[in-house]
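Enquirer: Just one file: protein.txt, with compact mmCIF, C-alpha atoms (C1' of nucleotides) and all ligand atoms.
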# COMPACT_ATOMS: atom_id res chain seq x y z
CA MET A 1 154.16 71.85 -34.47
CA SER A 2 157.19 73.29 -36.26
CA ASN A 3 157.63 75.13 -32.99
CA ASN A 4 158.42 71.81 -31.39
CA LEU A 5 161.74 71.68 -33.19
CA ASN A 6 162.63 74.91 -31.42
CA PHE A 7 161.67 73.41 -28.09
CA VAL A 8 163.71 70.31 -28.83
CA ALA A 9 166.70 72.50 -29.61
CA LYS A 10 166.10 74.64 -26.53
CA LEU A 11 166.02 71.57 -24.34
CA ARG A 12 169.07 69.97 -25.95
CA ASN A 13 171.05 73.19 -25.66
CA SER A 14 170.21 73.23 -21.97
CA GLY A 15 171.43 69.72 -21.43
CA LEU A 16 167.88 68.48 -20.93
CA ARG A 17 166.67 65.52 -22.94
CA PRO A 18 163.71 66.45 -25.08
CA THR A 19 161.19 63.99 -23.73
CA LYS A 20 157.59 64.18 -24.88
CA GLN A 21 156.55 65.38 -21.42
CA ARG A 22 159.01 68.27 -21.49
CA ILE A 23 158.10 69.22 -25.04
CA LYS A 24 154.42 69.29 -24.13
CA ILE A 25 155.13 71.46 -21.10
CA CYS A 26 157.26 73.76 -23.27
CA GLU A 27 154.35 74.14 -25.68
CA ILE A 28 152.05 75.11 -22.85
CA LEU A 29 154.50 77.46 -21.14
CA PHE A 30 156.31 79.02 -24.07
CA GLY A 31 154.11 78.33 -27.09
CA GLY A 32 151.68 81.22 -26.67
CA LYS A 33 152.10 84.89 -27.58
CA GLU A 34 151.55 86.08 -24.03
CA THR A 35 153.50 85.30 -20.91
CA PHE A 36 151.53 84.21 -17.87
CA HIS A 37 151.61 83.28 -14.21
CA PHE A 38 150.76 79.89 -12.83
CA SER A 39 150.88 77.59 -9.84
CA ILE A 40 151.82 73.93 -10.10
CA ASN A 41 148.15 73.16 -9.70
CA ASP A 42 147.24 75.49 -12.57
CA LEU A 43 149.84 73.91 -14.83
CA SER A 44 148.70 70.46 -13.84
CA LYS A 45 145.15 71.30 -14.89
CA ILE A 46 146.22 72.80 -18.21
CA VAL A 47 148.31 69.71 -18.93
CA ALA A 48 145.39 67.42 -18.12
CA GLN A 49 143.15 69.40 -20.42
CA LYS A 50 145.54 69.62 -23.38
CA THR A 51 146.97 66.11 -23.31
CA ASN A 52 145.66 62.63 -23.72
CA GLU A 53 148.50 60.75 -22.08
CA LYS A 54 148.77 62.23 -18.64
CA ILE A 55 151.94 63.66 -17.17
CA SER A 56 152.59 62.76 -13.55
CA LEU A 57 152.62 65.47 -10.92
CA ALA A 58 156.21 64.50 -10.06
CA THR A 59 157.26 65.23 -13.64
CA ILE A 60 155.49 68.57 -13.58
CA TYR A 61 157.40 69.52 -10.43
CA ASN A 62 160.66 68.16 -11.88
CA THR A 63 160.21 70.06 -15.12
CA VAL A 64 159.30 73.35 -13.49
CA HIS A 65 162.36 73.03 -11.26
CA ALA A 66 164.56 72.25 -14.23
CA PHE A 67 163.23 75.24 -16.17
CA LEU A 68 163.65 77.48 -13.14
CA GLY A 69 167.25 76.35 -12.87
CA LYS A 70 167.84 77.17 -16.52
CA GLY A 71 166.28 80.61 -16.14
CA TYR A 72 163.26 79.87 -18.34
CA LEU A 73 160.90 80.54 -15.46
CA LYS A 74 160.82 82.93 -12.55
CA GLN A 75 159.42 82.18 -9.12
CA ILE A 76 157.22 84.86 -7.59
CA ALA A 77 156.74 85.17 -3.82
CA VAL A 78 153.16 86.12 -3.12
CA ASN A 79 152.17 84.17 -0.08
CA SER A 80 153.22 81.08 1.73
CA GLU A 81 150.37 78.89 0.56
CA GLN A 82 151.89 77.88 -2.74
CA SER A 83 154.53 78.88 -5.24
CA TYR A 84 153.74 80.99 -8.25
CA TYR A 85 155.77 80.94 -11.43
CA ASP A 86 156.10 83.37 -14.29
CA THR A 87 156.95 82.65 -17.92
CA ASN A 88 158.07 86.29 -18.15
CA VAL A 89 161.64 86.18 -16.88
CA SER A 90 162.44 89.82 -17.51
CA ASP A 91 162.79 92.23 -14.60
CA HIS A 92 159.33 93.45 -13.75
CA HIS A 93 156.85 93.81 -10.93
CA HIS A 94 153.37 92.65 -9.97
CA PHE A 95 149.96 93.48 -8.80
CA TYR A 96 148.42 90.74 -6.73
CA ASP A 97 144.65 90.70 -6.85
CA GLU A 98 143.65 89.20 -3.53
CA ASP A 99 140.06 88.67 -4.60
CA LYS A 100 140.99 86.59 -7.64
CA SER A 101 144.31 85.23 -6.27
CA GLN A 102 145.85 86.41 -9.50
CA LEU A 103 149.10 88.11 -10.49
CA ILE A 104 149.18 90.94 -13.04
CA ASP A 105 152.37 92.28 -14.58
CA ILE A 106 153.68 95.76 -13.98
CA HIS A 107 156.35 96.35 -16.58
CA ASP A 108 159.63 97.78 -15.43
CA CYS A 109 158.81 100.86 -17.50
CA GLU A 110 155.58 101.34 -15.54
CA VAL A 111 157.40 101.88 -12.25
CA GLU A 112 159.79 104.68 -11.43
CA PRO A 113 163.14 102.96 -10.81
CA VAL A 114 163.33 101.79 -7.22
CA LYS A 115 166.26 103.50 -5.49
CA ILE A 116 167.42 101.96 -2.25
CA ASN A 117 169.57 104.15 -0.03
CA LYS A 118 170.86 101.35 2.11
CA LYS A 119 173.54 98.76 1.66
CA ILE A 120 174.40 95.57 3.45
CA PRO A 121 178.12 94.99 3.82
CA GLY A 122 179.31 91.86 2.06
CA LYS A 123 176.04 91.38 0.21
CA LYS A 124 175.09 92.06 -3.36
CA ILE A 125 171.61 92.67 -4.70
CA LYS A 126 170.18 89.76 -6.61
CA SER A 127 166.75 91.15 -7.40
CA ILE A 128 164.43 94.01 -6.55
CA GLU A 129 160.75 93.22 -6.77
CA VAL A 130 157.72 95.31 -6.02
CA LEU A 131 154.49 93.61 -5.06
CA VAL A 132 151.37 95.76 -5.05
CA LYS A 133 148.44 94.11 -3.36
CA VAL A 134 145.07 95.30 -4.63
CA GLN A 135 141.48 94.53 -3.74
CA ASN A 136 137.99 95.49 -4.91
CA ASN A 137 136.92 98.99 -4.00
CA MET B 21 156.60 93.05 34.69
CA SER B 22 154.78 96.41 35.00
CA ASN B 23 154.73 96.11 31.23
CA ASN B 24 152.36 93.21 31.62
CA LEU B 25 149.63 95.55 32.76
CA ASN B 26 149.96 97.29 29.41
CA PHE B 27 149.69 93.99 27.60
CA VAL B 28 146.64 93.03 29.64
CA ALA B 29 145.03 96.33 28.69
CA LYS B 30 146.06 95.94 25.07
CA LEU B 31 144.50 92.49 24.92
CA ARG B 32 141.32 93.54 26.73
CA ASN B 33 140.90 96.55 24.47
CA SER B 34 141.15 94.22 21.49
CA GLY B 35 138.47 91.92 22.83
CA LEU B 36 141.06 89.23 23.55
CA ARG B 37 141.13 87.68 27.00
CA PRO B 38 144.48 88.23 28.69
CA THR B 39 145.49 84.63 29.22
CA LYS B 40 148.94 83.83 30.53
CA GLN B 41 149.88 82.36 27.15
CA ARG B 42 148.92 85.54 25.30
CA ILE B 43 150.66 87.75 27.85
CA LYS B 44 153.84 85.73 27.51
CA ILE B 45 153.71 85.94 23.73
CA CYS B 46 153.10 89.70 24.01
CA GLU B 47 156.19 90.03 26.17
CA ILE B 48 158.26 88.20 23.60
CA LEU B 49 156.86 90.01 20.58
CA PHE B 50 156.31 93.52 21.92
CA GLY B 51 158.40 93.71 25.08
CA GLY B 52 161.74 94.54 23.48
CA LYS B 53 163.08 97.83 22.18
CA GLU B 54 163.58 96.52 18.66
CA THR B 55 161.06 95.09 16.24
CA PHE B 56 161.92 91.82 14.58
CA HIS B 57 160.96 89.20 12.03
CA PHE B 58 160.06 85.63 12.87
CA SER B 59 158.56 82.42 11.62
CA ILE B 60 156.19 80.32 13.72
CA ASN B 61 159.07 77.97 14.29
CA ASP B 62 161.29 80.82 15.51
CA LEU B 63 158.61 82.02 17.90
CA SER B 64 157.98 78.51 19.11
CA LYS B 65 161.67 78.14 20.00
CA ILE B 66 161.83 81.49 21.78
CA VAL B 67 158.74 80.56 23.80
CA ALA B 68 160.23 77.20 24.75
CA GLN B 69 163.40 78.91 25.88
CA LYS B 70 161.77 81.70 27.89
CA THR B 71 158.98 79.75 29.54
CA ASN B 72 158.70 76.94 31.99
CA GLU B 73 155.13 75.90 31.27
CA LYS B 74 155.07 75.23 27.58
CA ILE B 75 152.63 76.82 25.17
CA SER B 76 151.18 74.50 22.58
CA LEU B 77 151.94 75.01 18.92
CA ALA B 78 148.21 75.42 18.28
CA THR B 79 148.09 78.35 20.69
CA ILE B 80 151.10 79.94 19.04
CA TYR B 81 149.35 79.74 15.68
CA ASN B 82 146.08 80.98 17.18
CA THR B 83 147.75 83.90 18.90
CA VAL B 84 149.74 84.98 15.86
CA HIS B 85 146.57 84.86 13.78
CA ALA B 86 144.67 86.85 16.39
CA PHE B 87 147.43 89.48 16.52
CA LEU B 88 147.59 89.62 12.73
CA GLY B 89 143.84 90.23 12.65
CA LYS B 90 144.18 93.06 15.15
CA GLY B 91 146.99 94.63 13.16
CA TYR B 92 149.68 94.00 15.77
CA LEU B 93 151.66 91.90 13.34
CA LYS B 94 152.33 92.00 9.63
CA GLN B 95 152.78 89.00 7.38
CA ILE B 96 155.68 89.15 4.94
CA ALA B 97 155.72 87.10 1.74
CA VAL B 98 159.22 85.89 1.08
CA ASN B 99 158.85 82.41 -0.25
CA SER B 100 156.38 79.61 -0.17
CA GLU B 101 158.18 77.51 2.38
CA GLN B 102 156.79 79.20 5.43
CA SER B 103 155.20 82.41 6.64
CA TYR B 104 157.24 85.23 8.10
CA TYR B 105 155.84 87.78 10.48
CA ASP B 106 157.00 91.24 11.47
CA THR B 107 156.44 93.07 14.74
CA ASN B 108 157.03 96.29 12.80
CA VAL B 109 153.62 97.06 11.33
CA SER B 110 154.55 100.38 9.76
CA ASP B 111 154.88 100.69 5.98
CA HIS B 112 158.37 99.60 5.09
CA HIS B 113 160.35 97.27 2.90
CA HIS B 114 162.80 94.39 3.20
CA PHE B 115 166.05 92.86 2.24
CA TYR B 116 165.94 89.11 2.23
CA ASP B 117 169.29 87.49 2.86
CA GLU B 118 169.08 84.18 1.07
CA ASP B 119 172.18 82.82 2.74
CA LYS B 120 170.86 83.37 6.25
CA SER B 121 167.12 83.10 5.40
CA GLN B 122 166.72 86.39 7.22
CA LEU B 123 164.71 89.56 6.68
CA ILE B 124 166.22 92.99 7.24
CA ASP B 125 164.20 96.20 7.36
CA ILE B 126 164.46 98.93 4.80
CA HIS B 127 162.69 101.91 6.26
CA ASP B 128 160.22 103.73 4.08
CA CYS B 129 162.56 106.71 4.24
CA GLU B 130 165.40 104.61 2.81
CA VAL B 131 163.58 104.00 -0.47
CA GLU B 132 162.56 106.64 -2.96
CA PRO B 133 158.75 106.54 -3.05
CA VAL B 134 157.58 103.83 -5.41
CA LYS B 135 155.47 105.41 -8.16
CA ILE B 136 153.34 103.04 -10.18
CA ASN B 137 152.08 104.38 -13.52
CA LYS B 138 149.41 101.75 -13.95
CA LYS B 139 145.94 101.30 -12.55
CA ILE B 140 143.55 98.40 -12.43
CA PRO B 141 139.93 99.42 -12.93
CA GLY B 142 137.74 98.64 -9.92
CA LYS B 143 140.71 97.87 -7.69
CA LYS B 144 142.36 99.90 -4.98
CA ILE B 145 145.89 99.55 -3.71
CA LYS B 146 146.14 97.87 -0.34
CA SER B 147 149.92 97.80 0.04
CA ILE B 148 153.13 98.37 -1.88
CA GLU B 149 156.07 96.30 -0.78
CA VAL B 150 159.57 96.06 -2.10
CA LEU B 151 161.56 92.90 -1.54
CA VAL B 152 165.28 93.08 -2.28
CA LYS B 153 166.93 89.69 -2.39
CA VAL B 154 170.61 89.75 -1.52
CA GLN B 155 173.35 87.17 -1.35
CA ASN B 156 177.00 86.96 -0.44
CA ASN B 157 179.38 88.50 -2.93
C1' DT C 27 171.21 47.77 -35.27
C1' DT C 28 171.89 46.46 -30.91
C1' DA C 29 173.72 47.03 -26.34
C1' DT C 30 174.90 49.94 -22.70
C1' DT C 31 174.31 53.65 -19.84
C1' DA C 32 172.84 57.77 -17.90
C1' DC C 33 168.95 60.33 -17.56
C1' DT C 34 163.81 60.57 -16.98
C1' DT C 35 159.26 59.36 -15.59
C1' DT C 36 156.22 57.58 -12.39
C1' DA C 37 153.28 55.97 -8.35
C1' DG C 38 153.30 56.27 -4.10
C1' DA C 39 155.49 57.19 0.46
C1' DA C 40 157.30 60.69 3.27
C1' DT C 41 157.74 65.34 5.04
C1' DA C 42 156.61 69.91 6.74
C1' DG C 43 153.85 73.77 7.56
C1' DT C 44 149.44 74.74 8.71
C1' DT C 45 144.49 74.18 9.97
C1' DA C 46 140.58 71.64 12.07
C1' DT C 47 138.49 68.94 15.89
C1' DA C 48 136.66 68.22 20.12
C1' DA C 49 137.64 67.63 24.89
C1' DT C 50 139.23 70.23 28.81
C1' DC C 51 140.12 74.52 31.00
C1' DT C 52 139.58 79.37 32.46
C1' DA C 53 138.44 84.44 32.54
C1' DA C 54 134.48 87.33 32.99
C1' DG C 55 130.20 88.61 34.76
C1' DC C 56 126.34 87.58 37.60
C1' DG D 4 130.43 80.37 43.92
C1' DC D 5 127.95 79.43 39.26
C1' DT D 6 127.52 79.88 34.52
C1' DT D 7 129.11 80.57 30.07
C1' DA D 8 131.61 82.16 26.21
C1' DG D 9 136.02 82.08 24.91
C1' DA D 10 140.78 79.82 25.11
C1' DT D 11 144.07 76.02 25.29
C1' DT D 12 145.55 71.66 24.03
C1' DA D 13 146.78 67.09 21.93
C1' DT D 14 146.15 65.13 18.11
C1' DA D 15 144.14 64.23 13.59
C1' DA D 16 143.67 65.99 9.08
C1' DC D 17 145.07 68.52 5.20
C1' DT D 18 147.96 70.34 1.40
C1' DA D 19 151.93 71.61 -1.07
C1' DT D 20 156.08 69.74 -1.93
C1' DT D 21 159.98 66.47 -1.95
C1' DC D 22 161.82 61.82 -1.83
C1' DT D 23 162.30 56.95 -3.31
C1' DA D 24 163.16 53.38 -6.10
C1' DA D 25 161.48 50.76 -9.88
C1' DA D 26 160.51 50.86 -14.77
C1' DG D 27 161.07 53.39 -19.08
C1' DT D 28 163.58 56.04 -22.64
C1' DA D 29 167.10 58.98 -25.17
C1' DA D 30 171.83 59.13 -26.36
C1' DT D 31 175.59 56.92 -28.08
C1' DA D 32 179.18 53.35 -28.48
C1' DA D 33 180.01 49.04 -30.49
MN MN A 201 154.95 88.57 -14.29
MN MN A 202 160.24 94.48 8.76
ZN ZN A 203 156.93 97.54 -20.60
ZN ZN A 204 163.31 105.22 8.89
Please rewrite the model in this file as structure tokens.
Expert:
Amino acid sequence: MSNNLNFVAKLRNSGLRPTKQRIKICEILFGGKETFHFSINDLSKIVAQKTNEKISLATIYNTVHAFLGKGYLKQIAVNSEQSYYDTNVSDHHHFYDEDKSQLIDIHDCEVEPVKINKKIPGKKIKSIEVLVKVQNN
Amino acid sequence: MSNNLNFVAKLRNSGLRPTKQRIKICEILFGGKETFHFSINDLSKIVAQKTNEKISLATIYNTVHAFLGKGYLKQIAVNSEQSYYDTNVSDHHHFYDEDKSQLIDIHDCEVEPVKINKKIPGKKIKSIEVLVKVQNN
DNA sequence: TTATTACTTTAGAATAGTTATAATCTAAGC
DNA sequence: GCTTAGATTATAACTATTCTAAAGTAATAA
């Protein structure tokens, strides 16, 4: 609960009004020790489970977009069915378990630096991400 | 046109009947010297432009799925807006130009081999793909 | 405190990519 | 040619996401 003051400050500093919906979503996304991956549907379920007053799906989308824009979340491209988001915004990579439809972190230090011997004139690199698809053996 | 006999054979060998729609789509996808990347919408436009009798959108989806299943196409995860497909089914990587919404190949030989120092018990690696997002500088 | 205003939430409509349905058509084999 | 399994098609359905516009709320000026 004292954490909430931090979230209020975080939101204010970002130019986002600290509404009770946003604070609740902050608690869920940033209140735990571990970072995690989620879809909008996942987040929606967690919100429903941890809250009495419900938060509309529109607000969940709005908030995730706002947090993305502020750099508090990262969007991960896995497939074209739905978007995945990551509360870990550091540079890192992922396993994607196709059996469980689940992302697993690969820390930057767990991958030899990716060296790309090709340049595109007039373009700068924005991100380099490795996706390792795995399945049961 | 003599190419078409190859496509007919290719389809027959795959257990796919060589319909005129599939042959046409083969010509478009595999008839050129260069491989390329496309969305269903892209393919749909190319078909419309190169054909008199139109091919229904359902058939385009069906055919792309059939070719994916046979390993003649590869699906590339870029974002969750739509699926991208690649006529280059070899192991390789991609730039994604966010300004043009366009994929560009990075050959396997243009990237130092990606070494991952992490394993997931009970899982085997199915693919390793690097996506390098670039933008105008 | 109250009033004003800009921002936020919300239900529901709209949109877009994709998949399912079921009627019609056609390639393959007899 | 006849039969049949597989293919095509228009269209409906589905799902993730975005849009709309009305009602609610936080910030702040009076
Ligand atoms: Mn992650
Ligand atoms: Mn490619
Ligand atoms: Zn690490
Ligand atoms: Zn090469």
Enquirer: Between atom CA of B:Ala29 and atom CA of B:Arg42, what is the distance, to one decimal in Å?
Expert: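 Interatomic distance, atom CA of B:Ala29 to atom CA of B:Arg42: 12.0 Å.
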Enquirer: Give me, please, the distance in Å between atom CA of A:Ile25 and atom CA of B:Gln102, quoted to one decimal.
Expert: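 Atom CA of B:Gln102 lies 27.7 Å from atom CA of A:Ile25.
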Enquirer: Tell me as a PDB file with C-alpha atoms (C1' of nucleotides), in the coordinates of the input which residues belonging to chain C come within 10 Å of chain A, counting only C-alpha atoms (C1' of nucleotides).
Expert:
ATOM      1  C1'  DC C  33     168.950  60.330 -17.560  1.00  0.00           C
ATOM      2  C1'  DT C  34     163.810  60.570 -16.980  1.00  0.00           C
ATOM      3  C1'  DT C  35     159.260  59.360 -15.590  1.00  0.00           C
ATOM      4  C1'  DT C  36     156.220  57.580 -12.390  1.00  0.00           C
ATOM      5  C1'  DA C  37     153.280  55.970  -8.350  1.00  0.00           C
ATOM      6  C1'  DG C  43     153.850  73.770   7.560  1.00  0.00           C
ATOM      7  C1'  DT C  44     149.440  74.740   8.710  1.00  0.00           C
TER       8       DT C  44
END
Enquirer: Which residues come within 12 Å of A:Lys24, counting only C-alpha atoms (C1' of nucleotides), excluding same-chain residues fewer than 3 positions away, as an MDAnalysis selection string?
Expert: chainID A and resid 1 3:5 7:8 11 18:21 27:31 43:44 46:55 59:60 63
Enquirer: Atom CA of A:Val89 and atom CA of A:Gln75, how far apart in Å?
Expert: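 Those two atoms sit 9.0 Å apart.
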Enquirer: Which residues, written as a ChimeraX atom specification, have at least one atom at most 10 Å from A:Asp91, with only C-alpha atoms (C1' of nucleotides) counted and residues fewer than 4 positions away on the same chain left out?
Expert: /A:74,106-109,127-129
Enquirer: Return as number ranges by chain the residues belonging to chain B that are within 7 Å of chain A, counting only C-alpha atoms.
Expert: B: 97-103, 130-132, 134-138, 142-157
Enquirer: Some atoms are absent from stretch 66-82 of chain B, so rebuild N, CA, C and O atoms and return them as an mmCIF file, keeping the file's coordinate frame.
Expert:
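Result file rebuild11.cif:
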data_model
loop_
_atom_site.group_PDB
_atom_site.id
_atom_site.type_symbol
_atom_site.label_atom_id
_atom_site.label_comp_id
_atom_site.auth_asym_id
_atom_site.auth_seq_id
_atom_site.Cartn_x
_atom_site.Cartn_y
_atom_site.Cartn_z
ATOM 1 N N ILE B 66 161.640 80.433 20.787
ATOM 2 C CA ILE B 66 161.830 81.490 21.780
ATOM 3 C C ILE B 66 160.932 81.239 22.985
ATOM 4 O O ILE B 66 161.366 81.358 24.138
ATOM 5 N N VAL B 67 159.688 80.860 22.714
ATOM 6 C CA VAL B 67 158.740 80.560 23.800
ATOM 7 C C VAL B 67 159.281 79.422 24.659
ATOM 8 O O VAL B 67 159.300 79.523 25.890
ATOM 9 N N ALA B 68 159.727 78.373 24.010
ATOM 10 C CA ALA B 68 160.230 77.200 24.750
ATOM 11 C C ALA B 68 161.381 77.588 25.662
ATOM 12 O O ALA B 68 161.516 77.078 26.777
ATOM 13 N N GLN B 69 162.181 78.519 25.173
ATOM 14 C CA GLN B 69 163.400 78.910 25.880
ATOM 15 C C GLN B 69 163.097 79.866 27.026
ATOM 16 O O GLN B 69 163.764 79.843 28.063
ATOM 17 N N LYS B 70 162.063 80.674 26.885
ATOM 18 C CA LYS B 70 161.770 81.700 27.890
ATOM 19 C C LYS B 70 160.636 81.338 28.836
ATOM 20 O O LYS B 70 160.204 82.169 29.629
ATOM 21 N N THR B 71 160.134 80.125 28.736
ATOM 22 C CA THR B 71 158.980 79.750 29.540
ATOM 23 C C THR B 71 159.205 78.406 30.191
ATOM 24 O O THR B 71 159.842 77.539 29.610
ATOM 25 N N ASN B 72 158.661 78.253 31.368
ATOM 26 C CA ASN B 72 158.700 76.940 31.990
ATOM 27 C C ASN B 72 157.514 76.093 31.521
ATOM 28 O O ASN B 72 157.684 75.036 30.935
ATOM 29 N N GLU B 73 156.310 76.597 31.787
ATOM 30 C CA GLU B 73 155.130 75.900 31.270
ATOM 31 C C GLU B 73 155.081 76.118 29.776
ATOM 32 O O GLU B 73 155.099 77.257 29.327
ATOM 33 N N LYS B 74 155.019 75.036 29.033
ATOM 34 C CA LYS B 74 155.070 75.230 27.580
ATOM 35 C C LYS B 74 153.730 75.668 27.013
ATOM 36 O O LYS B 74 152.677 75.425 27.587
ATOM 37 N N ILE B 75 153.813 76.371 25.898
ATOM 38 C CA ILE B 75 152.630 76.820 25.170
ATOM 39 C C ILE B 75 152.516 75.948 23.928
ATOM 40 O O ILE B 75 153.489 75.757 23.211
ATOM 41 N N SER B 76 151.338 75.426 23.711
ATOM 42 C CA SER B 76 151.180 74.500 22.580
ATOM 43 C C SER B 76 151.336 75.222 21.254
ATOM 44 O O SER B 76 151.076 76.424 21.149
ATOM 45 N N LEU B 77 151.762 74.452 20.261
ATOM 46 C CA LEU B 77 151.940 75.010 18.920
ATOM 47 C C LEU B 77 150.635 75.598 18.415
ATOM 48 O O LEU B 77 150.616 76.667 17.791
ATOM 49 N N ALA B 78 149.530 74.922 18.713
ATOM 50 C CA ALA B 78 148.210 75.420 18.280
ATOM 51 C C ALA B 78 147.953 76.817 18.832
ATOM 52 O O ALA B 78 147.447 77.693 18.111
ATOM 53 N N THR B 79 148.304 77.028 20.084
ATOM 54 C CA THR B 79 148.090 78.350 20.690
ATOM 55 C C THR B 79 148.997 79.396 20.055
ATOM 56 O O THR B 79 148.589 80.545 19.877
ATOM 57 N N ILE B 80 150.201 78.996 19.707
ATOM 58 C CA ILE B 80 151.100 79.940 19.040
ATOM 59 C C ILE B 80 150.503 80.372 17.700
ATOM 60 O O ILE B 80 150.432 81.560 17.392
ATOM 61 N N TYR B 81 150.035 79.398 16.942
ATOM 62 C CA TYR B 81 149.350 79.740 15.680
ATOM 63 C C TYR B 81 148.132 80.621 15.947
ATOM 64 O O TYR B 81 147.938 81.658 15.302
ATOM 65 N N ASN B 82 147.290 80.207 16.872
ATOM 66 C CA ASN B 82 146.080 80.980 17.180
ATOM 67 C C ASN B 82 146.406 82.407 17.547
ATOM 68 O O ASN B 82 145.759 83.352 17.080
#
